[in-house]
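Peer 1: Here you go, one structure.
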Amino acid sequence: MIAVKGLLVVNHYLTAEKYSGMNKMLLDAAQKLGIDTELKTNEELLAEFEIGDMRRVEADFVLFWDKDVTLCRMIEEMGIRSFNSSRAIAACDNKGMTHAILSQKGIPMPKTIVAPLSFARIDMTDFVKSAAEKLSLPMIIKESYGSFGAQVYKADTIYDALELASSISPKQMIFQEFVASSAGRDVRINIVGGEVVASMERISQKDFRANVTLGGQMQKYDPTEKEKKIALDAAKALGLDFCGVDLLFGENGPLLCEVNSNAHVKNIYDCTGVNAAEKIFEYIKEEMS
């Protein structure tokens with residue numbers, strides 16, 4: 001194999017241990033596999049060049065562990081392969097876009113209504129009431145852009161829904177049915193290169209969201225063939241090299257909740273012993289050979 005040089009691109013402003021720990025896992029995985037990889041932040045890269053003058057970026061590939069899709073696209077325009085691609089990252093980052101793409105692929109998901117885009121705080125009373133009638137209460141309201149469950153809310157009453165929508169506007173948001181059968185419980189399936197590499201169940205006794213960051217507990221989980229198929233089909237439809245797929249326990253079978261283009265590799269390692277970071281670099285090494 002011809003030696004290749006890579007860049008691990010991360011967000012300059014995410015400095016908490018949960019982020020630095022993931023960065024170290026990724027760099028350690030690259031070193032273990034003999035792949036020369038340098039860490040750069042989005043701020044560092046954007047400060048080094050202007051559009052049309054990007055000669056200082058010297059790499060054969062980029063592992064883009066961020067959501068700065070503009071920077072990712074700039075790098076791709078240089079002819080550098082990005083894992084994941086800017087298009088795939090953008091499709092995952094916007095929950096409304098994720099739903100729009102996957103709903104055409106027959107992938108089971110909670111009933112979803114995408115709120116209209118606005119550019120200023122507006123009165124959404126009529127739209128919120130219409131969504132509540134179609135989805136019933138309680139219902140879930142999600143900011144289209146968010147991570148770790150922090151921008152996901154449950155509206156138990158129409159007054160809650162109106163207050164939440166008003167506080168989120170003019171940010172983009174979606175409304176979803178509340179899957180009561182999966183309250184405080186979901187499944188995370190990590191996929192690399194079209195294969196399921198690790199899975200875990202997340203359970204919370206105190207929140208309808210099962211995210212570990214919000215206090216959820218992890219345990220190993222053996223996904224069903226149907227759950228695997230949903231996760232793999234979603235990853236393929238979104239054009240992802242690797243991802244974490246979150247599934248809910250619907251009354252009539254699994255439902256896709258969200259897809260994460262840069263899923264937390266440390267949590268699933270702590271739970272399952274599977275090093276998804278190594279799996280990712282093994283895949284990159286194969287793709288670049």
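Letters A, B, ... go to the chains of the structure tokens in the order shown; residues in each chain start at 1; ligands are counted from 1 in the same order.
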Can you list, as a PyMOL selection string, all residues belonging to segment 204-234 of chain A that DSSP tags as helix (DSSP H, G or I)?
Peer 2: chain A and resi 212-214+225-234
Peer 1: Where does DSSP see strand (DSSP E) in segment 40-268 of chain A, if you list the residues as number ranges by chain?
Peer 2: A: 40-41, 61-65, 81-83, 112-114, 139-143, 152-155, 173-177, 185-192, 195-203, 217-220, 242-250, 253-260
Peer 1: Extract, using only C-alpha atoms, all DNA, RNA and protein residues at most 6 Å from segment 257-266 of chain A, discarding same-chain residues fewer than 5 positions from it, and format them as a PyMOL selection string.
Peer 2: chain A and resi 65+89+92+243-247+276
Peer 1: Can you tell me which residues surround Phe83 of chain A at a distance of at most 9 Å, considering only C-alpha atoms, apart from same-chain residues fewer than 3 positions away, and format the answer as a ChimeraX atom specification?
Peer 2: /A:61-65,86,240-242,284
Peer 1: Would you tabulate, counting only C-alpha atoms, all residues of segment 138-243 of chain A that have an atom at most 8 Å from an atom of segment 100-108 of chain A, showing the closest pair of atoms and their distance in Å to one decimal, sorted by chain then ascending number, as JSON lines?
Peer 2:
```
{"residue": "A:Ile230", "atom": "CA", "partner": "A:Ile107", "partner_atom": "CA", "distance": 6.4}
{"residue": "A:Asp233", "atom": "CA", "partner": "A:Ile107", "partner_atom": "CA", "distance": 7.7}
{"residue": "A:Ala234", "atom": "CA", "partner": "A:Leu102", "partner_atom": "CA", "distance": 6.7}
{"residue": "A:Ala237", "atom": "CA", "partner": "A:Leu102", "partner_atom": "CA", "distance": 6.9}
{"residue": "A:Leu238", "atom": "CA", "partner": "A:Ile101", "partner_atom": "CA", "distance": 7.4}
```
Peer 1: Since we have the selection now, will you write its residues out, keeping N, CA and C atoms, as a PDB file, in the first residue's frame?
Peer 2:
```pdb
ATOM      1  N   ILE A 230     -32.661  -1.714   8.829  1.00  0.00           N
ATOM      2  CA  ILE A 230     -33.060  -0.305   8.862  1.00  0.00           C
ATOM      3  C   ILE A 230     -31.833   0.591   8.973  1.00  0.00           C
ATOM      4  N   ASP A 233     -29.750   0.405   5.677  1.00  0.00           N
ATOM      5  CA  ASP A 233     -30.445   1.094   4.590  1.00  0.00           C
ATOM      6  C   ASP A 233     -30.360   2.607   4.755  1.00  0.00           C
ATOM      7  N   ALA A 234     -30.481   3.082   6.005  1.00  0.00           N
ATOM      8  CA  ALA A 234     -30.395   4.519   6.264  1.00  0.00           C
ATOM      9  C   ALA A 234     -29.008   5.051   5.936  1.00  0.00           C
ATOM     10  N   ALA A 237     -28.613   5.174   2.156  1.00  0.00           N
ATOM     11  CA  ALA A 237     -29.418   6.223   1.543  1.00  0.00           C
ATOM     12  C   ALA A 237     -28.805   7.605   1.747  1.00  0.00           C
ATOM     13  N   LEU A 238     -28.136   7.796   2.873  1.00  0.00           N
ATOM     14  CA  LEU A 238     -27.532   9.092   3.185  1.00  0.00           C
ATOM     15  C   LEU A 238     -26.096   9.208   2.679  1.00  0.00           C
TER      16      LEU A 238
END
```
Peer 1: Please provide the set of residues having any atom within 10 Å of Ala59 of chain A, restricted to only C-alpha atoms, with same-chain residues fewer than 4 positions apart removed, written as JSON, numbers by chain.
Peer 2: {"A": [4, 5, 6, 7, 36, 37, 38, 75, 80, 81]}
Peer 1: Limited to all heavy atoms, could you put the picked residues into a file as a PDB file, in the first residue's frame?
Peer 2:
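Produced file selection_30.pdb, reproduced below:
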```pdb
ATOM      1  N   VAL A   4      -0.143   7.086   2.846  1.00  0.00           N
ATOM      2  CA  VAL A   4      -1.048   8.222   2.691  1.00  0.00           C
ATOM      3  C   VAL A   4      -0.985   9.085   3.945  1.00  0.00           C
ATOM      4  O   VAL A   4      -0.644   8.618   5.027  1.00  0.00           O
ATOM      5  CB  VAL A   4      -2.504   7.769   2.442  1.00  0.00           C
ATOM      6  CG1 VAL A   4      -2.632   7.034   1.123  1.00  0.00           C
ATOM      7  CG2 VAL A   4      -3.016   6.901   3.590  1.00  0.00           C
ATOM      8  N   LYS A   5      -1.306  10.348   3.750  1.00  0.00           N
ATOM      9  CA  LYS A   5      -1.342  11.299   4.858  1.00  0.00           C
ATOM     10  C   LYS A   5      -2.773  11.777   5.037  1.00  0.00           C
ATOM     11  O   LYS A   5      -3.458  12.094   4.060  1.00  0.00           O
ATOM     12  CB  LYS A   5      -0.431  12.491   4.589  1.00  0.00           C
ATOM     13  CG  LYS A   5      -0.468  13.566   5.677  1.00  0.00           C
ATOM     14  CD  LYS A   5       0.476  14.694   5.375  1.00  0.00           C
ATOM     15  CE  LYS A   5       0.322  15.850   6.370  1.00  0.00           C
ATOM     16  NZ  LYS A   5       0.572  15.434   7.755  1.00  0.00           N
ATOM     17  N   GLY A   6      -3.206  11.802   6.278  1.00  0.00           N
ATOM     18  CA  GLY A   6      -4.564  12.227   6.551  1.00  0.00           C
ATOM     19  C   GLY A   6      -4.646  13.386   7.519  1.00  0.00           C
ATOM     20  O   GLY A   6      -3.690  13.686   8.248  1.00  0.00           O
ATOM     21  N   LEU A   7      -5.783  14.046   7.504  1.00  0.00           N
ATOM     22  CA  LEU A   7      -6.099  15.079   8.475  1.00  0.00           C
ATOM     23  C   LEU A   7      -7.342  14.656   9.246  1.00  0.00           C
ATOM     24  O   LEU A   7      -8.316  14.171   8.646  1.00  0.00           O
ATOM     25  CB  LEU A   7      -6.388  16.425   7.796  1.00  0.00           C
ATOM     26  CG  LEU A   7      -5.238  17.231   7.209  1.00  0.00           C
ATOM     27  CD1 LEU A   7      -5.776  18.553   6.657  1.00  0.00           C
ATOM     28  CD2 LEU A   7      -4.159  17.496   8.247  1.00  0.00           C
ATOM     29  N   ASP A  36      -0.377   8.083   8.867  1.00  0.00           N
ATOM     30  CA  ASP A  36       0.091   9.397   9.309  1.00  0.00           C
ATOM     31  C   ASP A  36      -1.091  10.369   9.290  1.00  0.00           C
ATOM     32  O   ASP A  36      -1.588  10.740   8.223  1.00  0.00           O
ATOM     33  CB  ASP A  36       1.199   9.890   8.373  1.00  0.00           C
ATOM     34  CG  ASP A  36       1.753  11.235   8.805  1.00  0.00           C
ATOM     35  OD1 ASP A  36       1.506  11.655   9.952  1.00  0.00           O
ATOM     36  OD2 ASP A  36       2.422  11.894   7.974  1.00  0.00           O
ATOM     37  N   THR A  37      -1.534  10.778  10.467  1.00  0.00           N
ATOM     38  CA  THR A  37      -2.724  11.624  10.567  1.00  0.00           C
ATOM     39  C   THR A  37      -2.460  12.776  11.528  1.00  0.00           C
ATOM     40  O   THR A  37      -2.018  12.569  12.652  1.00  0.00           O
ATOM     41  CB  THR A  37      -3.941  10.813  11.056  1.00  0.00           C
ATOM     42  OG1 THR A  37      -4.154   9.705  10.176  1.00  0.00           O
ATOM     43  CG2 THR A  37      -5.192  11.667  11.082  1.00  0.00           C
ATOM     44  N   GLU A  38      -2.763  13.974  11.067  1.00  0.00           N
ATOM     45  CA  GLU A  38      -2.558  15.187  11.862  1.00  0.00           C
ATOM     46  C   GLU A  38      -3.903  15.785  12.234  1.00  0.00           C
ATOM     47  O   GLU A  38      -4.830  15.808  11.416  1.00  0.00           O
ATOM     48  CB  GLU A  38      -1.757  16.208  11.058  1.00  0.00           C
ATOM     49  CG  GLU A  38      -1.503  17.525  11.779  1.00  0.00           C
ATOM     50  CD  GLU A  38      -0.791  18.552  10.912  1.00  0.00           C
ATOM     51  OE1 GLU A  38      -0.576  18.263   9.712  1.00  0.00           O
ATOM     52  OE2 GLU A  38      -0.454  19.633  11.428  1.00  0.00           O
ATOM     53  N   ILE A  75     -12.680  21.628   1.089  1.00  0.00           N
ATOM     54  CA  ILE A  75     -11.622  20.624   1.006  1.00  0.00           C
ATOM     55  C   ILE A  75     -11.882  19.655  -0.144  1.00  0.00           C
ATOM     56  O   ILE A  75     -10.982  19.290  -0.903  1.00  0.00           O
ATOM     57  CB  ILE A  75     -11.489  19.889   2.351  1.00  0.00           C
ATOM     58  CG1 ILE A  75     -10.936  20.842   3.420  1.00  0.00           C
ATOM     59  CG2 ILE A  75     -10.604  18.653   2.225  1.00  0.00           C
ATOM     60  CD1 ILE A  75     -10.979  20.284   4.828  1.00  0.00           C
ATOM     61  N   ILE A  80      -9.698  16.328  -2.532  1.00  0.00           N
ATOM     62  CA  ILE A  80      -9.323  15.491  -1.392  1.00  0.00           C
ATOM     63  C   ILE A  80     -10.549  14.707  -0.928  1.00  0.00           C
ATOM     64  O   ILE A  80     -11.629  15.272  -0.739  1.00  0.00           O
ATOM     65  CB  ILE A  80      -8.764  16.347  -0.239  1.00  0.00           C
ATOM     66  CG1 ILE A  80      -7.487  17.063  -0.689  1.00  0.00           C
ATOM     67  CG2 ILE A  80      -8.490  15.490   0.992  1.00  0.00           C
ATOM     68  CD1 ILE A  80      -6.949  18.044   0.338  1.00  0.00           C
ATOM     69  N   ARG A  81     -10.400  13.417  -0.717  1.00  0.00           N
ATOM     70  CA  ARG A  81     -11.496  12.563  -0.263  1.00  0.00           C
ATOM     71  C   ARG A  81     -11.800  12.850   1.201  1.00  0.00           C
ATOM     72  O   ARG A  81     -10.905  12.888   2.045  1.00  0.00           O
ATOM     73  CB  ARG A  81     -11.101  11.091  -0.444  1.00  0.00           C
ATOM     74  CG  ARG A  81     -12.068  10.078   0.179  1.00  0.00           C
ATOM     75  CD  ARG A  81     -13.334   9.906  -0.617  1.00  0.00           C
ATOM     76  NE  ARG A  81     -14.255   8.986   0.060  1.00  0.00           N
ATOM     77  CZ  ARG A  81     -14.260   7.653  -0.083  1.00  0.00           C
ATOM     78  NH1 ARG A  81     -13.375   7.076  -0.915  1.00  0.00           N
ATOM     79  NH2 ARG A  81     -15.133   6.893   0.538  1.00  0.00           N
TER      80      ARG A  81
END
```
Peer 1: So the first atom is atom CA of Ala30 of chain A and the second is atom CA of Thr15 of chain A; what is the distance between them in Å, to one decimal place?
Peer 2: 20.7 Å
